[in-house]
$ cat final20.csv   # CSV, C-alpha atoms and all ligand atoms
chain,number,residue,atom,x,y,z
A,5,MET,CA,-4.2,-19.2,61.2
A,6,SER,CA,-0.8,-20.7,61.5
A,7,LEU,CA,-0.6,-24.5,61.7
A,8,SER,CA,3.2,-24.6,61.8
A,9,GLY,CA,4.5,-27.3,64.1
A,10,LYS,CA,1.2,-29.3,63.7
A,11,VAL,CA,1.0,-32.7,62.1
A,12,ALA,CA,-2.2,-33.4,60.1
A,13,LEU,CA,-3.5,-36.7,58.8
A,14,VAL,CA,-6.1,-36.4,55.9
A,15,THR,CA,-7.8,-39.6,54.9
A,16,GLY,CA,-8.8,-40.0,51.2
A,17,ALA,CA,-6.5,-37.2,50.0
A,18,SER,CA,-5.6,-38.6,46.6
A,19,ARG,CA,-8.0,-36.3,44.8
A,20,GLY,CA,-11.1,-34.0,45.2
A,21,ILE,CA,-12.0,-32.5,48.6
A,22,GLY,CA,-9.3,-34.4,50.5
A,23,ARG,CA,-6.5,-33.2,48.2
A,24,ALA,CA,-7.7,-29.6,48.6
A,25,ILE,CA,-7.8,-30.0,52.4
A,26,ALA,CA,-4.3,-31.5,52.5
A,27,LEU,CA,-3.0,-28.6,50.4
A,28,GLU,CA,-4.7,-26.0,52.5
A,29,LEU,CA,-3.4,-27.4,55.8
A,30,ALA,CA,0.1,-27.6,54.3
A,31,ASN,CA,-0.2,-24.0,53.0
A,32,ASN,CA,-0.9,-23.0,56.6
A,33,GLY,CA,2.3,-24.7,57.8
A,34,ALA,CA,1.2,-28.2,58.8
A,35,GLN,CA,3.1,-31.4,57.9
A,36,VAL,CA,0.6,-33.6,56.2
A,37,VAL,CA,0.1,-37.3,55.7
A,38,VAL,CA,-1.8,-37.9,52.5
A,39,ASN,CA,-3.8,-41.1,52.9
A,40,TYR,CA,-5.3,-43.1,50.0
A,41,ALA,CA,-6.6,-46.6,49.5
A,42,LYS,CA,-6.0,-47.4,45.8
A,43,ASP,CA,-5.0,-44.2,43.9
A,44,SER,CA,-1.3,-44.1,44.6
A,45,ALA,CA,-0.6,-41.8,41.6
A,46,GLY,CA,-3.2,-39.3,42.8
A,47,ALA,CA,-1.7,-39.3,46.3
A,48,GLU,CA,1.7,-38.8,44.9
A,49,ALA,CA,0.4,-35.8,42.9
A,50,THR,CA,-1.0,-34.3,46.1
A,51,VAL,CA,2.3,-34.8,47.9
A,52,GLN,CA,4.1,-33.2,44.9
A,53,ALA,CA,1.8,-30.2,44.9
A,54,ILE,CA,2.4,-29.6,48.6
A,55,GLN,CA,6.2,-29.9,48.2
A,56,ALA,CA,6.1,-27.6,45.1
A,57,ALA,CA,4.5,-25.0,47.4
A,58,GLY,CA,7.3,-25.4,50.0
A,59,GLY,CA,5.4,-27.7,52.3
A,60,GLU,CA,6.1,-31.2,53.8
A,61,ALA,CA,4.0,-34.2,53.1
A,62,GLN,CA,4.1,-38.0,52.8
A,63,ALA,CA,1.7,-40.4,51.1
A,64,VAL,CA,0.5,-43.5,53.2
A,65,GLN,CA,-1.6,-46.3,51.8
A,66,ALA,CA,-4.4,-47.7,54.0
A,67,ASP,CA,-8.0,-48.8,53.6
A,68,VAL,CA,-9.4,-46.9,56.5
A,69,SER,CA,-12.6,-49.0,56.6
A,70,ASP,CA,-10.2,-51.7,58.0
A,71,PHE,CA,-9.6,-51.4,61.7
A,72,LYS,CA,-6.0,-52.7,61.7
A,73,ALA,CA,-5.1,-50.7,58.6
A,74,ALA,CA,-6.4,-47.5,60.2
A,75,GLU,CA,-4.4,-48.2,63.3
A,76,GLY,CA,-1.3,-48.7,61.1
A,77,LEU,CA,-2.0,-45.4,59.3
A,78,VAL,CA,-2.0,-43.4,62.6
A,79,LYS,CA,1.2,-45.3,63.7
A,80,ALA,CA,2.8,-44.4,60.3
A,81,THR,CA,1.9,-40.8,60.8
A,82,VAL,CA,3.5,-40.6,64.2
A,83,GLU,CA,6.6,-42.4,62.8
A,84,ALA,CA,6.8,-40.0,59.8
A,85,PHE,CA,6.3,-36.7,61.7
A,86,GLY,CA,6.3,-37.4,65.4
A,87,SER,CA,2.7,-36.9,66.2
A,88,VAL,CA,-0.9,-36.5,65.0
A,89,ASP,CA,-2.4,-33.1,66.0
A,90,ILE,CA,-5.1,-32.9,63.4
A,91,LEU,CA,-7.2,-35.8,62.0
A,92,VAL,CA,-9.5,-35.1,59.0
A,93,ASN,CA,-11.8,-38.0,58.4
A,94,ASN,CA,-12.5,-37.3,54.8
A,95,ALA,CA,-12.4,-40.7,53.0
A,96,GLY,CA,-15.8,-41.5,51.5
A,97,THR,CA,-17.6,-43.3,48.8
A,98,THR,CA,-21.0,-43.9,47.3
A,99,ARG,CA,-23.0,-46.9,46.0
A,100,ASP,CA,-26.2,-45.1,45.0
A,101,GLN,CA,-29.4,-47.2,44.5
A,102,LEU,CA,-33.0,-47.1,45.4
A,103,ILE,CA,-33.5,-49.3,48.5
A,104,MET,CA,-35.4,-52.0,46.6
A,105,LEU,CA,-32.3,-52.4,44.4
A,106,MET,CA,-29.6,-51.8,47.0
A,107,SER,CA,-27.5,-54.9,47.9
A,108,GLU,CA,-26.3,-55.7,51.3
A,109,ALA,CA,-22.8,-55.2,50.0
A,110,ASP,CA,-23.7,-51.6,48.8
A,111,TRP,CA,-24.9,-50.8,52.3
A,112,ASP,CA,-21.9,-52.4,54.1
A,113,THR,CA,-19.3,-50.9,51.8
A,114,VAL,CA,-20.6,-47.3,52.2
A,115,LEU,CA,-21.1,-47.6,56.0
A,116,ALA,CA,-17.6,-49.0,56.4
A,117,ALA,CA,-15.8,-46.5,54.2
A,118,ASN,CA,-17.7,-43.4,55.5
A,119,LEU,CA,-18.6,-44.1,59.1
A,120,LYS,CA,-16.6,-47.1,60.6
A,121,SER,CA,-13.5,-45.4,59.1
A,122,ALA,CA,-14.0,-42.4,61.3
A,123,PHE,CA,-14.3,-44.7,64.4
A,124,ASN,CA,-11.2,-46.6,63.3
A,125,CYS,CA,-9.0,-43.5,62.7
A,126,SER,CA,-10.3,-41.5,65.6
A,127,LYS,CA,-9.8,-44.3,68.2
A,128,ALA,CA,-6.1,-44.6,67.2
A,129,ALA,CA,-5.5,-40.8,67.0
A,130,VAL,CA,-7.3,-40.0,70.2
A,131,ARG,CA,-4.8,-42.2,72.0
A,132,VAL,CA,-2.0,-39.8,70.9
A,133,MET,CA,-4.1,-36.6,71.4
A,134,LEU,CA,-5.1,-37.6,75.0
A,135,ARG,CA,-1.5,-37.8,76.0
A,136,LYS,CA,-0.8,-34.4,74.4
A,137,ARG,CA,-3.9,-32.9,75.9
A,138,ALA,CA,-4.6,-31.3,72.6
A,139,GLY,CA,-6.1,-32.2,69.2
A,140,ARG,CA,-8.5,-31.5,66.4
A,141,ILE,CA,-10.7,-34.0,64.7
A,142,ILE,CA,-12.8,-32.8,61.7
A,143,ASN,CA,-15.2,-35.2,60.1
A,144,ILE,CA,-16.4,-34.6,56.5
A,145,ALA,CA,-20.1,-35.2,56.6
A,146,SER,CA,-22.6,-34.1,54.0
A,147,VAL,CA,-25.9,-32.2,53.6
A,148,ALA,CA,-27.2,-35.7,52.6
A,149,GLY,CA,-26.8,-36.6,56.3
A,150,ILE,CA,-29.1,-33.7,57.2
A,151,LEU,CA,-31.6,-33.6,54.4
A,152,GLY,CA,-31.5,-37.2,53.2
A,153,ASN,CA,-31.2,-37.9,49.4
A,154,ALA,CA,-33.4,-40.4,47.6
A,155,GLY,CA,-31.2,-43.2,46.2
A,156,GLN,CA,-28.7,-42.7,49.0
A,157,THR,CA,-30.1,-44.4,52.1
A,158,ASN,CA,-26.7,-45.9,52.7
A,159,TYR,CA,-24.7,-42.7,52.1
A,160,SER,CA,-27.2,-40.4,54.0
A,161,ALA,CA,-27.2,-42.8,57.0
A,162,SER,CA,-23.4,-42.9,57.1
A,163,LYS,CA,-23.2,-39.1,57.1
A,164,ALA,CA,-26.0,-38.7,59.7
A,165,GLY,CA,-24.1,-41.3,61.7
A,166,LEU,CA,-20.9,-39.2,61.4
A,167,ILE,CA,-22.8,-36.2,62.8
A,168,GLY,CA,-23.9,-38.2,65.9
A,169,PHE,CA,-20.4,-39.6,66.2
A,170,THR,CA,-19.0,-36.1,66.1
A,171,ARG,CA,-21.2,-34.8,68.9
A,172,ALA,CA,-20.7,-37.9,71.1
A,173,LEU,CA,-16.9,-37.9,70.8
A,174,ALA,CA,-16.8,-34.1,71.3
A,175,ARG,CA,-18.4,-34.6,74.7
A,176,GLU,CA,-16.0,-37.5,75.6
A,177,VAL,CA,-12.7,-35.7,74.9
A,178,ALA,CA,-13.5,-32.0,75.6
A,179,ALA,CA,-12.0,-32.1,79.0
A,180,ARG,CA,-8.6,-33.0,77.4
A,181,ASN,CA,-8.7,-30.0,75.1
A,182,ILE,CA,-9.5,-32.0,72.0
A,183,THR,CA,-12.2,-30.6,69.7
A,184,VAL,CA,-14.4,-32.6,67.3
A,185,ASN,CA,-16.4,-30.9,64.6
A,186,ALA,CA,-18.0,-31.8,61.3
A,187,VAL,CA,-18.0,-30.0,58.0
A,188,ALA,CA,-21.0,-30.8,55.8
A,189,PRO,CA,-20.4,-29.9,52.2
A,190,GLY,CA,-23.2,-29.3,49.7
A,191,PHE,CA,-22.6,-30.2,46.1
A,192,VAL,CA,-19.0,-30.1,45.0
A,193,PRO,CA,-17.9,-31.3,41.5
A,194,THR,CA,-15.5,-34.2,42.0
A,195,ALA,CA,-15.1,-37.8,40.9
A,196,LEU,CA,-17.8,-38.7,43.5
A,197,THR,CA,-20.5,-36.5,41.9
A,198,ASN,CA,-19.4,-36.9,38.2
A,199,ASP,CA,-21.8,-39.7,37.5
A,200,LEU,CA,-25.0,-38.1,38.9
A,201,PRO,CA,-27.6,-37.7,36.2
A,202,ALA,CA,-27.8,-34.2,34.6
A,203,GLU,CA,-31.4,-33.7,35.7
A,204,ILE,CA,-30.5,-34.3,39.4
A,205,LYS,CA,-27.6,-31.8,39.1
A,206,GLU,CA,-29.9,-29.2,37.5
A,207,ALA,CA,-32.6,-29.7,40.1
A,208,THR,CA,-30.1,-29.4,43.0
A,209,LEU,CA,-28.5,-26.3,41.5
A,210,LYS,CA,-32.0,-24.6,41.5
A,211,GLN,CA,-32.2,-25.2,45.3
A,212,ILE,CA,-28.9,-23.6,46.1
A,213,PRO,CA,-29.5,-20.0,47.3
A,214,LEU,CA,-26.0,-18.9,46.1
A,215,GLY,CA,-26.8,-20.4,42.7
A,216,ARG,CA,-23.6,-22.3,42.1
A,217,TRP,CA,-21.7,-25.5,43.1
A,218,GLY,CA,-19.0,-25.3,45.8
A,219,GLN,CA,-15.3,-25.7,45.1
A,220,PRO,CA,-13.1,-28.2,47.0
A,221,GLU,CA,-11.0,-25.3,48.2
A,222,GLU,CA,-14.1,-23.7,49.8
A,223,ILE,CA,-14.5,-26.9,52.0
A,224,ALA,CA,-10.8,-26.8,52.8
A,225,TYR,CA,-10.9,-23.2,54.1
A,226,ALA,CA,-13.6,-24.3,56.7
A,227,VAL,CA,-11.5,-27.3,57.7
A,228,ALA,CA,-8.3,-25.2,58.1
A,229,PHE,CA,-10.2,-22.8,60.3
A,230,LEU,CA,-11.6,-25.5,62.6
A,231,ALA,CA,-8.1,-27.0,62.8
A,232,SER,CA,-6.6,-23.7,63.9
A,233,ASP,CA,-6.2,-22.1,67.3
A,234,ARG,CA,-8.9,-19.6,66.3
A,235,ALA,CA,-11.5,-22.3,66.6
A,236,ALA,CA,-10.4,-23.4,70.1
A,237,TYR,CA,-13.8,-22.7,71.6
A,238,ILE,CA,-15.8,-24.6,68.9
A,239,THR,CA,-16.7,-28.2,69.4
A,240,GLY,CA,-19.5,-30.6,68.6
A,241,GLN,CA,-20.6,-28.4,65.7
A,242,VAL,CA,-21.7,-29.1,62.1
A,243,LEU,CA,-20.6,-26.4,59.7
A,244,THR,CA,-22.5,-26.6,56.5
A,245,VAL,CA,-20.6,-25.3,53.5
A,246,ASP,CA,-23.3,-25.6,50.9
A,247,GLY,CA,-24.2,-22.2,49.4
A,248,GLY,CA,-27.2,-22.2,51.8
A,249,LEU,CA,-28.7,-25.5,50.5
A,250,ALA,CA,-29.5,-27.0,53.9
A,251,MET,CA,-30.1,-23.8,55.9
A,252,GLY,CA,-32.6,-24.4,58.7
B,301,LIG,P1,-13.6,-38.4,45.6
B,301,LIG,O1,-13.0,-37.4,44.7
B,301,LIG,O2,-14.2,-39.6,45.1
B,301,LIG,O3,-12.4,-38.8,46.7
B,301,LIG,C1,-12.6,-39.8,47.6
B,301,LIG,C2,-11.3,-40.0,48.3
B,301,LIG,O4,-11.5,-41.0,49.3
B,301,LIG,C3,-10.2,-40.6,47.4
B,301,LIG,O5,-9.0,-40.0,47.8
B,301,LIG,C4,-10.3,-42.1,47.7
B,301,LIG,O6,-9.0,-42.7,47.5
B,301,LIG,C5,-10.6,-42.1,49.2
B,301,LIG,N1,-11.1,-43.3,49.7
B,301,LIG,C6,-12.3,-43.9,49.5
B,301,LIG,N2,-12.5,-45.0,50.2
B,301,LIG,C7,-11.4,-45.1,51.0
B,301,LIG,C8,-10.9,-46.0,52.0
B,301,LIG,N3,-11.7,-47.1,52.3
B,301,LIG,N4,-9.7,-45.8,52.6
B,301,LIG,C9,-9.0,-44.8,52.2
B,301,LIG,N5,-9.3,-43.8,51.3
B,301,LIG,C10,-10.5,-44.0,50.7
B,301,LIG,O7,-14.7,-37.7,46.6
B,301,LIG,P2,-14.8,-36.2,47.2
B,301,LIG,O8,-16.0,-35.6,46.5
B,301,LIG,O9,-13.6,-35.5,47.2
B,301,LIG,O10,-15.3,-36.6,48.7
B,301,LIG,C11,-14.5,-36.4,49.8
B,301,LIG,C12,-15.4,-36.4,51.0
B,301,LIG,O11,-16.4,-35.4,50.9
B,301,LIG,C13,-16.3,-37.7,51.2
B,301,LIG,O12,-16.4,-38.1,52.5
B,301,LIG,C14,-17.6,-37.3,50.6
B,301,LIG,O13,-18.7,-38.1,51.1
B,301,LIG,C15,-17.7,-35.9,51.1
B,301,LIG,N6,-18.7,-35.1,50.4
B,301,LIG,C16,-18.5,-34.8,49.1
B,301,LIG,C17,-19.4,-34.0,48.4
B,301,LIG,C18,-19.3,-33.7,47.0
B,301,LIG,O14,-20.3,-33.0,46.5
B,301,LIG,N7,-18.3,-34.0,46.3
B,301,LIG,C19,-20.5,-33.5,49.1
B,301,LIG,C20,-20.7,-33.8,50.5
B,301,LIG,C21,-19.7,-34.6,51.1
B,301,LIG,P3,-8.7,-44.0,46.6
B,301,LIG,O15,-9.2,-43.8,45.3
B,301,LIG,O16,-7.3,-44.3,46.7
B,301,LIG,O17,-9.6,-45.1,47.3
$ encode --input "final20.csv" --output "C-alpha cells"
Amino acid sequence: MSLSGKVALVTGASRGIGRAIALELANNGAQVVVNYAKDSAGAEATVQAIQAAGGEAQAVQADVSDFKAAEGLVKATVEAFGSVDILVNNAGTTRDQLIMLMSEADWDTVLAANLKSAFNCSKAAVRVMLRKRAGRIINIASVAGILGNAGQTNYSASKAGLIGFTRALAREVAARNITVNAVAPGFVPTALTNDLPAEIKEATLKQIPLGRWGQPEEIAYAVAFLASDRAAYITGQVLTVDGGLAMG
C-alpha cells in the first residue's frame, strides 16, 4: 500500500482521528500537510511524530469552514510539496443540544465546520486533481449520519450531507480517475466524545457487536487503504468502521 510520491492534505489533524490518519498516511510514504484551526501545539506534535518516524510533514493553519481560507490551504499544500493527491476531509466539531434548545449558531457552526468545509477544500483540490487526472478524496462521516443521534440534529445532518456530497462528487469526477469515498466511524474516544454523559457511552457500548470502542488508528487504516492504488476501483462508497454498530 505504498503512498510514496503522493502528497496528502488532512484537515483537522492536530489531534484525535485526524492525527492518526496523518501518521498512517506518512507511515505509508506520503508527504503530509497537517491542518488545524486553533491547536497549533497539537499540529506541531503531529508533525514531530511524523518526522520522528522518518516521514515528511508540515503544519498549516486554516479554518476550513471559511471558503477563502480553505482555498489558501490547498494552495499552501501545493507550494509546500508540489501537489495534492489525497485530500482527507476530517475536520469536525459538535454543538450537541436537543432541537428545542439548539441555537441557530449551534446549527450553523456545525454545518460549516463539518459539511461546507468539505465543499471548500474539495473544490480547490479537485482543480489540481483534474489536471493530474488522478486523485483521492476521503470524507470522514459518522454513523450518526446513517442512524441519527438524538441531541445531534446538526451533527447528524452534516454527516448525512457529507455522504450525499461523497456520492455526487464521485459521479462528477470518476471520468478523470478521481475517487471519492467516505469513512463512517462509530464511537472513538477522543476530545470530541470526552464530554458525552457516562450513561450514553454505556448504552452505546451495549449496541456495538464487537463490544468495544474503536481506536483512531483503526479509522486511519481504512483511510490509508482507500487512498492507495489497491482501492482504485472503489468510489462513491461509505465504509463504516464501527464494530458493527450500524450494520444494515
Ligand atoms: P477531535 O479530537 O475534536 O479533533 C477535531 C479536529 O478538527 C481538531 O484537529 C480540530 O483542530 C479540527 N477542526 C475543527 N474545526 C475545524 C475547522 N473549522 N478548521 C480546521 N480544523 C478544524 O475530534 P475527532 O474525534 O478526532 O474527530 C475527527 C473527525 O471524525 C470529525 O469529523 C468527527 O466528526 C469524526 N468522527 C468522530 C467520531 C468519534 O467517535 N470520535 C465518530 C464519528 C466521526 P483545532 O482544535 O485546531 O480547531
$ residues_near_point --input "final20.csv" --point "(3.0, -27.4, 64.8)" --cutoff "10 Å" --atoms "all atoms listed in the file" --output "VMD selection string"
chain A and resid 6 to 12 33 to 35 87 to 90
$ residues_around --input "final20.csv" --residues "A:Gln65" --least-positions-apart "3" --cutoff "8 Å" --atoms "only C-alpha atoms" --output "list in words"
Asn39, Tyr40, Ala41, Lys42, Ser44 and Leu77 of chain A
$ closest_residue --input "final20.csv" --among "A:Ala226, A:Leu196, A:Val187, A:Leu119" --to "A:Asn158" --atoms "only C-alpha atoms"
A:Leu119
$ residues_near_ligand --input "final20.csv" --ligand "ligand LIG 301 (chain B)" --cutoff "7 Å" --atoms "only C-alpha atoms and all ligand atoms" --output "ChimeraX atom specification"
/A:15-22,39-44,66-69,94-97,117-118,144-147,188-197
$ closest_residue --input "final20.csv" --among "A:Asp70, A:Ala53, A:Met106, A:Met133" --to "A:Leu91" --atoms "only C-alpha atoms"
A:Met133
$ build_atoms --input "final20.csv" --residues "stretch 214-241 of chain A" --atoms "N, CA and C atoms" --output "JSON list (two decimals), keeping the file's coordinate frame"
[["chain", "number", "residue", "atom", "x", "y", "z"],
["A", 214, "LEU", "N", -27.11, -19.64, 46.76],
["A", 214, "LEU", "CA", -26.00, -18.90, 46.10],
["A", 214, "LEU", "C", -25.91, -19.20, 44.63],
["A", 215, "GLY", "N", -26.68, -20.15, 44.14],
["A", 215, "GLY", "CA", -26.80, -20.40, 42.70],
["A", 215, "GLY", "C", -25.62, -20.97, 41.99],
["A", 216, "ARG", "N", -24.77, -21.67, 42.73],
["A", 216, "ARG", "CA", -23.60, -22.30, 42.10],
["A", 216, "ARG", "C", -23.14, -23.50, 42.94],
["A", 217, "TRP", "N", -22.33, -24.38, 42.32],
["A", 217, "TRP", "CA", -21.70, -25.50, 43.10],
["A", 217, "TRP", "C", -20.61, -24.91, 43.96],
["A", 218, "GLY", "N", -20.18, -25.70, 44.95],
["A", 218, "GLY", "CA", -19.00, -25.30, 45.80],
["A", 218, "GLY", "C", -17.74, -25.82, 45.11],
["A", 219, "GLN", "N", -16.63, -25.27, 45.53],
["A", 219, "GLN", "CA", -15.30, -25.70, 45.10],
["A", 219, "GLN", "C", -14.62, -26.47, 46.20],
["A", 220, "PRO", "N", -13.80, -27.49, 45.90],
["A", 220, "PRO", "CA", -13.10, -28.20, 47.00],
["A", 220, "PRO", "C", -12.37, -27.28, 47.93],
["A", 221, "GLU", "N", -11.78, -26.21, 47.39],
["A", 221, "GLU", "CA", -11.00, -25.30, 48.20],
["A", 221, "GLU", "C", -11.93, -24.61, 49.28],
["A", 222, "GLU", "N", -13.19, -24.40, 48.92],
["A", 222, "GLU", "CA", -14.10, -23.70, 49.80],
["A", 222, "GLU", "C", -14.44, -24.62, 51.05],
["A", 223, "ILE", "N", -14.37, -25.93, 50.85],
["A", 223, "ILE", "CA", -14.50, -26.90, 52.00],
["A", 223, "ILE", "C", -13.24, -26.84, 52.81],
["A", 224, "ALA", "N", -12.11, -26.80, 52.10],
["A", 224, "ALA", "CA", -10.80, -26.80, 52.80],
["A", 224, "ALA", "C", -10.61, -25.61, 53.69],
["A", 225, "TYR", "N", -11.09, -24.43, 53.28],
["A", 225, "TYR", "CA", -10.90, -23.20, 54.10],
["A", 225, "TYR", "C", -11.63, -23.43, 55.46],
["A", 226, "ALA", "N", -12.81, -24.03, 55.43],
["A", 226, "ALA", "CA", -13.60, -24.30, 56.70],
["A", 226, "ALA", "C", -12.82, -25.26, 57.56],
["A", 227, "VAL", "N", -12.25, -26.29, 56.95],
["A", 227, "VAL", "CA", -11.50, -27.30, 57.70],
["A", 227, "VAL", "C", -10.27, -26.66, 58.35],
["A", 228, "ALA", "N", -9.56, -25.83, 57.59],
["A", 228, "ALA", "CA", -8.30, -25.20, 58.10],
["A", 228, "ALA", "C", -8.70, -24.29, 59.31],
["A", 229, "PHE", "N", -9.81, -23.60, 59.21],
["A", 229, "PHE", "CA", -10.20, -22.80, 60.30],
["A", 229, "PHE", "C", -10.51, -23.62, 61.57],
["A", 230, "LEU", "N", -11.27, -24.70, 61.41],
["A", 230, "LEU", "CA", -11.60, -25.50, 62.60],
["A", 230, "LEU", "C", -10.35, -26.22, 63.14],
["A", 231, "ALA", "N", -9.34, -26.41, 62.30],
["A", 231, "ALA", "CA", -8.10, -27.00, 62.80],
["A", 231, "ALA", "C", -7.20, -26.03, 63.52],
["A", 232, "SER", "N", -7.50, -24.76, 63.39],
["A", 232, "SER", "CA", -6.60, -23.70, 63.90],
["A", 232, "SER", "C", -6.92, -23.35, 65.37],
["A", 233, "ASP", "N", -6.01, -22.60, 65.98],
["A", 233, "ASP", "CA", -6.20, -22.10, 67.30],
["A", 233, "ASP", "C", -7.42, -21.15, 67.41],
["A", 234, "ARG", "N", -7.73, -20.51, 66.29],
["A", 234, "ARG", "CA", -8.90, -19.60, 66.30],
["A", 234, "ARG", "C", -10.19, -20.27, 66.57],
["A", 235, "ALA", "N", -10.23, -21.58, 66.40],
["A", 235, "ALA", "CA", -11.50, -22.30, 66.60],
["A", 235, "ALA", "C", -11.45, -23.11, 67.93],
["A", 236, "ALA", "N", -10.59, -22.66, 68.86],
["A", 236, "ALA", "CA", -10.40, -23.40, 70.10],
["A", 236, "ALA", "C", -11.64, -23.59, 70.94],
["A", 237, "TYR", "N", -12.60, -22.68, 70.78],
["A", 237, "TYR", "CA", -13.80, -22.70, 71.60],
["A", 237, "TYR", "C", -15.02, -23.31, 70.87],
["A", 238, "ILE", "N", -14.74, -23.97, 69.76],
["A", 238, "ILE", "CA", -15.80, -24.60, 68.90],
["A", 238, "ILE", "C", -15.68, -26.08, 69.00],
["A", 239, "THR", "N", -16.69, -26.76, 69.49],
["A", 239, "THR", "CA", -16.70, -28.20, 69.40],
["A", 239, "THR", "C", -18.07, -28.79, 69.34],
["A", 240, "GLY", "N", -18.18, -29.96, 68.71],
["A", 240, "GLY", "CA", -19.50, -30.60, 68.60],
["A", 240, "GLY", "C", -20.38, -29.99, 67.52],
["A", 241, "GLN", "N", -19.79, -29.18, 66.64],
["A", 241, "GLN", "CA", -20.60, -28.40, 65.70],
["A", 241, "GLN", "C", -20.58, -29.05, 64.29]]
